[in-house]
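Right, one structure below, let's go through it.
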Amino acid sequence: MTQQSSNQSISQRLQTIIDSDRHSRSAVTKDIPLVNYLQLCEQLSGLISDESDRTANLANCTALLWQELGNINWLGFYLLKRNKLVLGPFQGKPACSRIDMGKGVCGTAAQMLKTIIVADVHQFPGHIACDVASRSEIVVPLISEGKLIAVLDIDSPEVDRFDHRDQQGLELIIRTLLTHL
Ligand code: SME
């Protein structure tokens, strides 16, 4: 798939999401309306399209999301290495450096190969608290050719900060990122 057709497909998918979501909870109640994820995808593409180094692209992705997403206190990648999740590029306070598969929100999302949204981390059995300020969390797996390579973990100090629009937007961000890892 060319970069242009990939971007077109992201744009079309986002418009479908926006249209289907128009009558549900108003986007203005969120810190970041869904439509901004398209801009973020374009910004990310600009940052990473001429760079093939994985660390550089993951790092710039964290910086961009940290700058643009509202009301978050930690954001970063855990990379799959020898069946453990190992801390990669991140923004926020120092965090635990290794997470076992199946443990915490990150290890659970990694094992299930699915995005997990936790509205209240205090209600998630086995949640690993790296920053006590965290109250809600979203973890998005990075899957390339059917195999897990990492997870993106984002924490917020606000309960119920993330919803399905964040999930769909962040999954598109990850799709963009995966084309340059
Ligand atoms: N809360 C995560 C651990 C990572 S920190 O939030 C940075 C978890 O339960 O997997």
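Chain identifiers are assigned as A, B, and so on, following the order in which chains appear in the structure tokens; residues are numbered from 1 within each chain, and ligands are numbered from 1 in order of appearance.
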
Q: Show me which residues sit within 7 Å of ligand 1 when counting only C-alpha atoms and all ligand atoms, and put them as a PyMOL selection string.
A: chain A and resi 74+95-96+99+103-107+126-131+153+155

Q: Can you pull out every residue within 8 Å of Ala109 (chain A), counting only C-alpha atoms, but drop anything in the same chain fewer than 4 positions away, and send it as a ChimeraX atom specification?
A: /A:102,105,113-116,139-141,151

Q. Contacts of Leu148 (chain A) at 9 Å or less, counting only C-alpha atoms, minus same-chain residues fewer than 5 places along, as a list in words?
A. Leu79, Leu80, Ala110, Gln111, Leu113, Pro141, Leu142 and Ile143 of chain A

Q | Backbone-only DSSP, alpha helix (DSSP H) members of region 71-169 of chain A, as a PyMOL selection string | A | chain A and resi 104-112+164-169

What does the file look like for those residues with C-alpha atoms, as a compact mmCIF listing (two decimals), in the first residue's frame?
```txt
# COMPACT_ATOMS: atom_id res chain seq x y z
CA GLY A 104 -1.30 -5.70 34.71
CA VAL A 105 -3.24 -3.89 32.03
CA CYS A 106 -0.27 -3.92 29.63
CA GLY A 107 0.44 -7.62 29.99
CA THR A 108 -3.25 -8.45 29.66
CA ALA A 109 -3.66 -6.41 26.45
CA ALA A 110 -0.44 -7.97 25.13
CA GLN A 111 -1.69 -11.48 25.83
CA MET A 112 -5.17 -10.87 24.42
CA HIS A 164 -14.12 4.08 21.94
CA ARG A 165 -13.22 7.17 19.90
CA ASP A 166 -9.82 7.30 21.58
CA GLN A 167 -9.48 3.58 20.91
CA GLN A 168 -10.28 3.95 17.21
CA GLY A 169 -8.11 7.06 16.87
```

Q: Using DSSP on the backbone coordinates, identify the residues of region 43-145 of chain A assigned to strand (DSSP E or B); present them as a PyMOL selection string.
A: chain A and resi 74-81+84-92+98-100+116-118+136-144
